[in-house]
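Engineer: One file is attached below, start11.csv, containing CSV, C-alpha atoms and all ligand atoms.
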chain,number,residue,atom,x,y,z
A,293,MET,CA,11.7,14.2,-5.7
A,294,HIS,CA,9.6,11.1,-5.7
A,295,LYS,CA,7.5,10.5,-2.6
A,296,GLY,CA,8.3,7.6,-0.3
A,297,MET,CA,6.2,4.5,-0.1
A,298,LEU,CA,3.9,3.8,2.9
A,299,VAL,CA,4.0,0.2,4.0
A,300,VAL,CA,1.4,-1.0,6.5
A,301,VAL,CA,2.1,-4.3,8.3
A,302,SER,CA,-0.6,-5.9,10.4
A,303,GLY,CA,-1.5,-9.3,11.8
A,304,PRO,CA,-2.6,-10.9,15.0
A,305,SER,CA,-0.5,-10.5,18.1
A,306,GLY,CA,2.0,-13.3,18.3
A,307,ALA,CA,2.1,-13.7,14.5
A,308,GLY,CA,5.6,-12.3,14.6
A,309,LYS,CA,5.1,-9.0,12.8
A,310,GLY,CA,7.3,-7.2,15.3
A,311,THR,CA,10.2,-9.5,14.7
A,312,ILE,CA,9.7,-9.4,10.9
A,313,CYS,CA,9.6,-5.6,11.0
A,314,GLN,CA,12.8,-5.5,13.1
A,315,GLU,CA,14.6,-7.7,10.6
A,316,ILE,CA,13.4,-5.7,7.6
A,317,ARG,CA,14.7,-2.5,9.2
A,318,LYS,CA,18.1,-4.1,9.7
A,319,ARG,CA,18.2,-4.9,6.0
A,320,ASN,CA,16.9,-1.5,5.0
A,321,PRO,CA,18.3,1.1,7.4
A,322,ASN,CA,16.8,3.9,5.4
A,323,LEU,CA,13.3,2.7,6.1
A,324,PHE,CA,11.5,5.1,8.5
A,325,TYR,CA,9.8,3.2,11.3
A,326,SER,CA,6.8,5.1,12.7
A,327,ILE,CA,6.7,5.2,16.5
A,328,SER,CA,3.1,4.9,17.8
A,329,ALA,CA,1.6,6.6,20.8
A,330,THR,CA,-0.2,4.4,23.2
A,331,THR,CA,-2.0,4.5,26.5
A,332,ARG,CA,-1.1,0.9,27.5
A,333,GLU,CA,1.4,0.3,30.2
A,334,LYS,CA,5.0,0.0,29.5
A,335,ARG,CA,6.3,-3.6,29.4
A,336,VAL,CA,9.6,-4.5,31.0
A,337,GLY,CA,12.4,-3.5,28.6
A,338,GLU,CA,10.3,-1.0,26.6
A,339,ILE,CA,11.6,2.5,26.2
A,340,ASP,CA,9.5,5.6,25.8
A,341,GLY,CA,10.2,7.2,22.4
A,342,VAL,CA,11.8,4.0,21.1
A,343,HIS,CA,9.1,1.3,21.3
A,344,TYR,CA,6.2,3.7,21.8
A,345,TYR,CA,5.4,7.1,23.1
A,346,PHE,CA,3.7,6.2,26.3
A,347,ILE,CA,1.0,8.8,27.1
A,348,ASP,CA,-2.1,9.0,29.2
A,349,ARG,CA,-5.7,8.9,27.9
A,350,GLN,CA,-6.1,12.6,28.3
A,351,GLN,CA,-3.1,13.4,26.2
A,352,PHE,CA,-4.2,10.9,23.7
A,353,GLU,CA,-7.7,12.3,23.4
A,354,LYS,CA,-6.2,15.8,23.0
A,355,MET,CA,-4.1,14.5,20.1
A,356,ILE,CA,-7.3,13.0,18.5
A,357,ALA,CA,-9.1,16.3,18.9
A,358,ASN,CA,-6.2,18.1,17.3
A,359,ASP,CA,-6.3,15.7,14.4
A,360,GLU,CA,-2.7,14.6,15.0
A,361,PHE,CA,-3.2,11.0,14.1
A,362,LEU,CA,-3.0,9.4,10.7
A,363,GLU,CA,-5.1,6.6,12.3
A,364,TRP,CA,-5.9,5.5,15.8
A,365,ALA,CA,-7.7,2.6,17.4
A,366,ASP,CA,-8.8,1.1,20.6
A,367,VAL,CA,-7.0,-2.2,20.8
A,368,TYR,CA,-7.9,-4.5,23.8
A,369,GLY,CA,-9.0,-1.5,25.8
A,370,ASN,CA,-6.0,0.8,25.1
A,371,TYR,CA,-5.5,3.5,22.6
A,372,TYR,CA,-2.9,3.2,19.9
A,373,GLY,CA,-2.2,5.7,17.2
A,374,THR,CA,0.2,6.8,14.5
A,375,PRO,CA,1.3,10.4,14.7
A,376,LYS,CA,0.7,11.9,11.3
A,377,LYS,CA,3.4,14.5,11.1
A,378,PRO,CA,6.6,12.4,11.1
A,379,VAL,CA,5.1,9.9,8.6
A,380,PHE,CA,4.2,12.6,6.1
A,381,GLU,CA,7.5,14.4,6.6
A,382,ALA,CA,9.4,11.1,5.9
A,383,LEU,CA,7.3,10.4,2.8
A,384,ALA,CA,7.9,13.9,1.5
A,385,ARG,CA,11.6,13.4,1.9
A,386,GLY,CA,11.3,10.4,-0.3
A,387,GLN,CA,11.8,8.0,2.5
A,388,ASP,CA,9.8,4.7,2.7
A,389,VAL,CA,7.8,4.4,5.9
A,390,ILE,CA,6.7,1.2,7.7
A,391,LEU,CA,3.7,1.2,10.1
A,392,GLU,CA,3.1,-1.8,12.4
A,393,ILE,CA,-0.5,-1.4,13.4
A,394,ASP,CA,-3.7,-3.4,14.0
A,395,ILE,CA,-6.3,-4.2,11.4
A,396,LYS,CA,-8.7,-1.4,12.4
A,397,GLY,CA,-5.9,1.1,12.0
A,398,ALA,CA,-4.9,-0.4,8.7
A,399,ARG,CA,-8.4,-0.1,7.3
A,400,GLN,CA,-8.4,3.6,8.2
A,401,VAL,CA,-5.1,4.2,6.4
A,402,LYS,CA,-6.4,2.3,3.4
A,403,LYS,CA,-9.3,4.8,3.2
A,404,THR,CA,-7.2,8.0,3.6
A,405,TYR,CA,-4.0,6.7,1.9
A,406,PRO,CA,-5.0,4.0,-0.6
A,407,GLU,CA,-1.7,4.2,-2.4
A,408,GLY,CA,-0.1,2.5,0.6
A,409,VAL,CA,1.0,-1.1,0.5
A,410,PHE,CA,-0.9,-3.4,2.9
A,411,VAL,CA,0.7,-6.5,4.2
A,412,PHE,CA,-0.9,-9.1,6.6
A,413,ILE,CA,1.3,-11.5,8.5
A,414,LEU,CA,-0.2,-14.9,9.2
A,415,PRO,CA,0.9,-17.2,12.0
A,416,PRO,CA,1.9,-20.7,11.0
A,417,SER,CA,-1.2,-22.0,12.9
A,418,ILE,CA,-3.6,-20.9,15.5
A,419,SER,CA,-2.1,-23.3,18.1
A,420,ILE,CA,1.4,-21.9,17.5
A,421,LEU,CA,0.0,-18.4,17.8
A,422,GLU,CA,-1.5,-19.2,21.2
A,423,GLU,CA,1.8,-20.9,22.3
A,424,ARG,CA,3.7,-17.8,21.3
A,425,LEU,CA,1.4,-15.5,23.2
A,426,ARG,CA,1.7,-17.6,26.4
A,427,LYS,CA,5.5,-17.9,26.1
A,428,ARG,CA,5.8,-14.1,25.9
A,429,GLY,CA,4.4,-14.1,29.4
A,430,THR,CA,3.6,-10.5,29.3
A,431,GLU,CA,-0.1,-10.8,29.3
A,432,ARG,CA,-2.8,-12.0,31.7
A,433,GLU,CA,-5.0,-15.0,30.9
A,434,GLU,CA,-8.1,-12.9,30.1
A,435,ILE,CA,-6.0,-10.8,27.7
A,436,ILE,CA,-4.7,-13.9,26.0
A,437,VAL,CA,-8.2,-15.2,25.5
A,438,LYS,CA,-9.2,-11.8,24.1
A,439,ARG,CA,-6.2,-11.7,21.7
A,440,MET,CA,-7.0,-15.2,20.5
A,441,GLN,CA,-10.6,-14.2,19.7
A,442,MET,CA,-9.4,-11.2,17.9
A,443,ALA,CA,-6.9,-13.3,16.0
A,444,TRP,CA,-9.6,-15.5,14.6
A,445,GLU,CA,-11.6,-12.5,13.5
A,446,GLU,CA,-8.6,-10.8,11.9
A,447,ILE,CA,-7.6,-13.8,10.0
A,448,ALA,CA,-11.1,-14.3,8.7
A,449,ASN,CA,-11.1,-10.7,7.4
A,450,CYS,CA,-7.6,-10.3,5.9
A,451,ASP,CA,-8.5,-10.9,2.3
A,452,TRP,CA,-8.6,-7.1,1.4
A,453,TYR,CA,-4.8,-6.8,2.1
A,454,ASP,CA,-2.4,-6.5,-0.9
A,455,TYR,CA,-0.2,-9.3,0.4
A,456,LEU,CA,-0.4,-12.2,2.9
A,457,ILE,CA,2.8,-13.5,4.3
A,458,LEU,CA,2.9,-16.7,6.3
A,459,ASN,CA,5.4,-16.5,9.1
A,460,ASP,CA,6.3,-20.2,9.3
A,461,ASP,CA,10.0,-19.6,9.0
A,462,LEU,CA,11.3,-16.1,10.0
A,463,GLU,CA,14.0,-15.9,7.3
A,464,THR,CA,11.5,-16.8,4.5
A,465,ALA,CA,8.9,-14.3,5.9
A,466,VAL,CA,11.4,-11.5,5.9
A,467,ASN,CA,12.6,-12.4,2.4
A,468,ASP,CA,8.9,-12.4,1.3
A,469,LEU,CA,8.4,-8.9,2.7
A,470,GLU,CA,11.6,-7.7,1.1
A,471,ALA,CA,10.3,-9.1,-2.2
A,472,VAL,CA,7.1,-7.2,-1.8
A,473,LEU,CA,9.0,-3.9,-1.2
A,474,THR,CA,11.2,-4.5,-4.2
A,475,ALA,CA,8.3,-5.3,-6.5
A,476,GLU,CA,6.2,-2.4,-5.3
A,477,LYS,CA,9.1,0.0,-5.9
A,478,LEU,CA,9.2,-1.1,-9.5
A,479,LYS,CA,5.6,-0.3,-10.2
A,480,PRO,CA,5.3,2.4,-12.9
A,481,LYS,CA,3.4,4.7,-10.5
A,482,ARG,CA,6.5,4.7,-8.2
A,483,VAL,CA,9.3,4.8,-10.8
A,484,ASN,CA,10.5,8.3,-11.6
A,485,TYR,CA,11.0,8.3,-15.3
A,486,ARG,CA,12.0,11.9,-15.4
A,487,VAL,CA,15.0,11.1,-13.2
A,488,LEU,CA,15.8,8.0,-15.3
A,489,LEU,CA,15.8,10.1,-18.5
A,490,GLU,CA,17.3,13.4,-17.2
A,491,GLY,CA,19.8,11.5,-15.2
A,492,GLY,CA,20.9,9.9,-18.4
A,493,VAL,CA,20.3,6.3,-17.2
A,494,LEU,CA,18.2,5.4,-20.2
A,495,ILE,CA,20.3,7.3,-22.8
A,496,ARG,CA,23.8,6.0,-22.7
A,501,LIG,P1,1.2,-4.4,21.7
A,501,LIG,O1,0.5,-3.9,22.9
A,501,LIG,O2,1.4,-5.9,21.8
A,501,LIG,O3,2.5,-3.6,21.5
A,501,LIG,O4,0.3,-4.0,20.4
A,501,LIG,C1,-1.0,-4.5,20.4
A,501,LIG,C2,-1.5,-4.2,19.0
A,501,LIG,O5,-1.6,-2.8,18.7
A,501,LIG,C3,-0.7,-4.8,17.9
A,501,LIG,O6,-1.5,-5.5,16.9
A,501,LIG,C4,0.0,-3.6,17.3
A,501,LIG,O7,0.3,-3.8,15.9
A,501,LIG,C5,-1.1,-2.6,17.4
A,501,LIG,N1,-0.6,-1.2,17.3
A,501,LIG,C6,0.6,-0.7,17.7
A,501,LIG,N2,0.7,0.6,17.4
A,501,LIG,C7,-0.4,0.9,16.7
A,501,LIG,C8,-0.9,2.1,16.2
A,501,LIG,O8,-0.3,3.2,16.1
A,501,LIG,N3,-2.2,2.1,15.6
A,501,LIG,C9,-2.9,0.9,15.6
A,501,LIG,N4,-4.1,1.0,15.1
A,501,LIG,N5,-2.5,-0.2,16.2
A,501,LIG,C10,-1.3,-0.2,16.7
Show me this structure written as structure tokens.
Ligand code: 5GP

Structural biologist:
Amino acid sequence: MHKGMLVVVSGPSGAGKGTICQEIRKRNPNLFYSISATTREKRVGEIDGVHYYFIDRQQFEKMIANDEFLEWADVYGNYYGTPKKPVFEALARGQDVILEIDIKGARQVKKTYPEGVFVFILPPSISILEERLRKRGTEREEIIVKRMQMAWEEIANCDWYDYLILNDDLETAVNDLEAVLTAEKLKPKRVNYRVLLEGGVLIR
């Protein structure tokens, strides 16, 4: 069986990558969404095992020591990491996997898994990004300031990604991501010619 495709989506907080990923999952129910582990506090409405695995620093550090992460990073003073096992199991089953992670994590994945597809979500503008972060109301002022600084830095360093998607209009951005997935699936390295031939698709 052909291996699944690993898609890594990052972008500054408030750029809307979470919403875009949610929509793309609705359109592609077979897409495996990796649930990250984090040491940050649960926000209102978040569910353990659905949005994140909420664990403490000690547990997280133990997982680092046991090499259980595909990547991990310290983001705004909290640890976030992608458990390796479920991702590789899904890929081996032929399922495509989507990771929604920060830019430091994405760089690590690029090193260890360069055949991944790397997508960066850009906000319509810096001022809209700030407005969205404030509207969310989940963060304290100092964290908003930190996230805005990070956003500038991330945007200035996003040119190594395979695709940049501007999230000006949600529908357009989701369509763009879908187009990326479709195009990537058609690359010769991902098309299984044996199946096409032996399945008789090309000889009829
Ligand atoms: P939030 O706290 O707003 O849910 O996420 C903060 C940042 O951490 C976002 O940029 C999000 O994409 C990133 N993030 C979430 N999970 C992971 C992960 O497993 N690894 C890394 N490196 N970043 C993550």

Engineer: Just the number, please: distance in Å from CA of His294 (chain A) to CA of Ala384 (chain A), one decimal.

Structural biologist: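 Here the two named atoms are 7.9 Å from each other.
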
Engineer: Using all atoms listed in the file, can you tell me which of A:Leu469, A:Val483, A:Glu490, A:Gln441 comes closest to Ile316 (chain A)?

Structural biologist: A:Leu469

Engineer: Which residues are near ligand LIG 501 (chain A) in this structure, taking near to mean any atom at most 9 Å from a ligand atom and counting only C-alpha atoms and all ligand atoms? Format them as an NGL selection string.

Structural biologist: :A and (301-306 or 309-310 or 326-330 or 332-335 or 343-344 or 361-368 or 370-375 or 391-400 or 439)

Engineer: Could you write those residues out with C-alpha atoms, as an mmCIF file, keeping the file's coordinate frame?

Structural biologist:
data_model
loop_
_atom_site.group_PDB
_atom_site.id
_atom_site.type_symbol
_atom_site.label_atom_id
_atom_site.label_comp_id
_atom_site.auth_asym_id
_atom_site.auth_seq_id
_atom_site.Cartn_x
_atom_site.Cartn_y
_atom_site.Cartn_z
ATOM 1 C CA VAL A 301 2.100 -4.300 8.300
ATOM 2 C CA SER A 302 -0.600 -5.900 10.400
ATOM 3 C CA GLY A 303 -1.500 -9.300 11.800
ATOM 4 C CA PRO A 304 -2.600 -10.900 15.000
ATOM 5 C CA SER A 305 -0.500 -10.500 18.100
ATOM 6 C CA GLY A 306 2.000 -13.300 18.300
ATOM 7 C CA LYS A 309 5.100 -9.000 12.800
ATOM 8 C CA GLY A 310 7.300 -7.200 15.300
ATOM 9 C CA SER A 326 6.800 5.100 12.700
ATOM 10 C CA ILE A 327 6.700 5.200 16.500
ATOM 11 C CA SER A 328 3.100 4.900 17.800
ATOM 12 C CA ALA A 329 1.600 6.600 20.800
ATOM 13 C CA THR A 330 -0.200 4.400 23.200
ATOM 14 C CA ARG A 332 -1.100 0.900 27.500
ATOM 15 C CA GLU A 333 1.400 0.300 30.200
ATOM 16 C CA LYS A 334 5.000 0.000 29.500
ATOM 17 C CA ARG A 335 6.300 -3.600 29.400
ATOM 18 C CA HIS A 343 9.100 1.300 21.300
ATOM 19 C CA TYR A 344 6.200 3.700 21.800
ATOM 20 C CA PHE A 361 -3.200 11.000 14.100
ATOM 21 C CA LEU A 362 -3.000 9.400 10.700
ATOM 22 C CA GLU A 363 -5.100 6.600 12.300
ATOM 23 C CA TRP A 364 -5.900 5.500 15.800
ATOM 24 C CA ALA A 365 -7.700 2.600 17.400
ATOM 25 C CA ASP A 366 -8.800 1.100 20.600
ATOM 26 C CA VAL A 367 -7.000 -2.200 20.800
ATOM 27 C CA TYR A 368 -7.900 -4.500 23.800
ATOM 28 C CA ASN A 370 -6.000 0.800 25.100
ATOM 29 C CA TYR A 371 -5.500 3.500 22.600
ATOM 30 C CA TYR A 372 -2.900 3.200 19.900
ATOM 31 C CA GLY A 373 -2.200 5.700 17.200
ATOM 32 C CA THR A 374 0.200 6.800 14.500
ATOM 33 C CA PRO A 375 1.300 10.400 14.700
ATOM 34 C CA LEU A 391 3.700 1.200 10.100
ATOM 35 C CA GLU A 392 3.100 -1.800 12.400
ATOM 36 C CA ILE A 393 -0.500 -1.400 13.400
ATOM 37 C CA ASP A 394 -3.700 -3.400 14.000
ATOM 38 C CA ILE A 395 -6.300 -4.200 11.400
ATOM 39 C CA LYS A 396 -8.700 -1.400 12.400
ATOM 40 C CA GLY A 397 -5.900 1.100 12.000
ATOM 41 C CA ALA A 398 -4.900 -0.400 8.700
ATOM 42 C CA ARG A 399 -8.400 -0.100 7.300
ATOM 43 C CA GLN A 400 -8.400 3.600 8.200
ATOM 44 C CA ARG A 439 -6.200 -11.700 21.700
#

Engineer: Can you tell me, as a list in words, what residues are no more than 12 Å from Glu315 (chain A) when counting only C-alpha atoms, ignoring any on the same chain fewer than 2 positions away?

Structural biologist: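 These residues fall inside the cut-off: Gly308, Lys309, Gly310, Thr311, Ile312, Cys313, Arg317, Lys318, Arg319, Asn320, Pro321, Leu323, Tyr325, Leu462, Glu463, Thr464, Ala465, Val466, Asn467, Asp468, Leu469 and Glu470 of chain A.
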
Engineer: Measure the distance from CA of Glu407 (chain A) to CA of Leu456 (chain A) in Å and round it to one decimal.

Structural biologist: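 CA of Glu407 (chain A) sits 17.3 Å away from CA of Leu456 (chain A).
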
Engineer: Using all atoms listed in the file, pick whichever of A:Asp348, A:Leu421, A:Lys376, A:Ala382 has the shortest atom-to-atom distance to Phe324 (chain A).

Structural biologist: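 Of A:Asp348, A:Leu421, A:Lys376, A:Ala382, the one nearest Phe324 (chain A) is A:Ala382, counting all atoms listed in the file.
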
Engineer: Restricting the calculation to all atoms listed in the file: of A:Leu489, A:Gly408, A:Ile413, A:Lys427, which residue gets closest to Cys450 (chain A)?

Structural biologist: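 Ranking A:Leu489, A:Gly408, A:Ile413, A:Lys427 by distance to Cys450 (chain A), first place goes to A:Ile413.
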
Engineer: Which residue, A:Lys477, A:Lys354, A:Arg426, A:Lys377, has the smallest gap to Val299 (chain A) when you use all atoms listed in the file?

Structural biologist: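 Using all atoms listed in the file, the shortest distance to Val299 (chain A) belongs to A:Lys477.
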
Engineer: List the residues sitting within 9 Å of (-6.1, -4.4, -3.4) in the file's frame, using only C-alpha atoms, as number ranges by chain.

Structural biologist: A: 406, 409-410, 451-455

Engineer: Quick check, in Å to one decimal: how far apart do CA of Ile436 (chain A) and CA of Pro415 (chain A) lie?

Structural biologist: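 These two atoms are separated by 15.4 Å.
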
Engineer: Measuring atom to atom with only C-alpha atoms, identify which of A:Gln351, A:Glu360, A:Gly492, A:Ala307 is nearest to Arg424 (chain A).

Structural biologist: A:Ala307

Engineer: With distances taken over all atoms listed in the file, which residue among A:Ile418, A:Gly491, A:Val401, A:Val379 lies nearest Trp444 (chain A)?

Structural biologist: A:Ile418
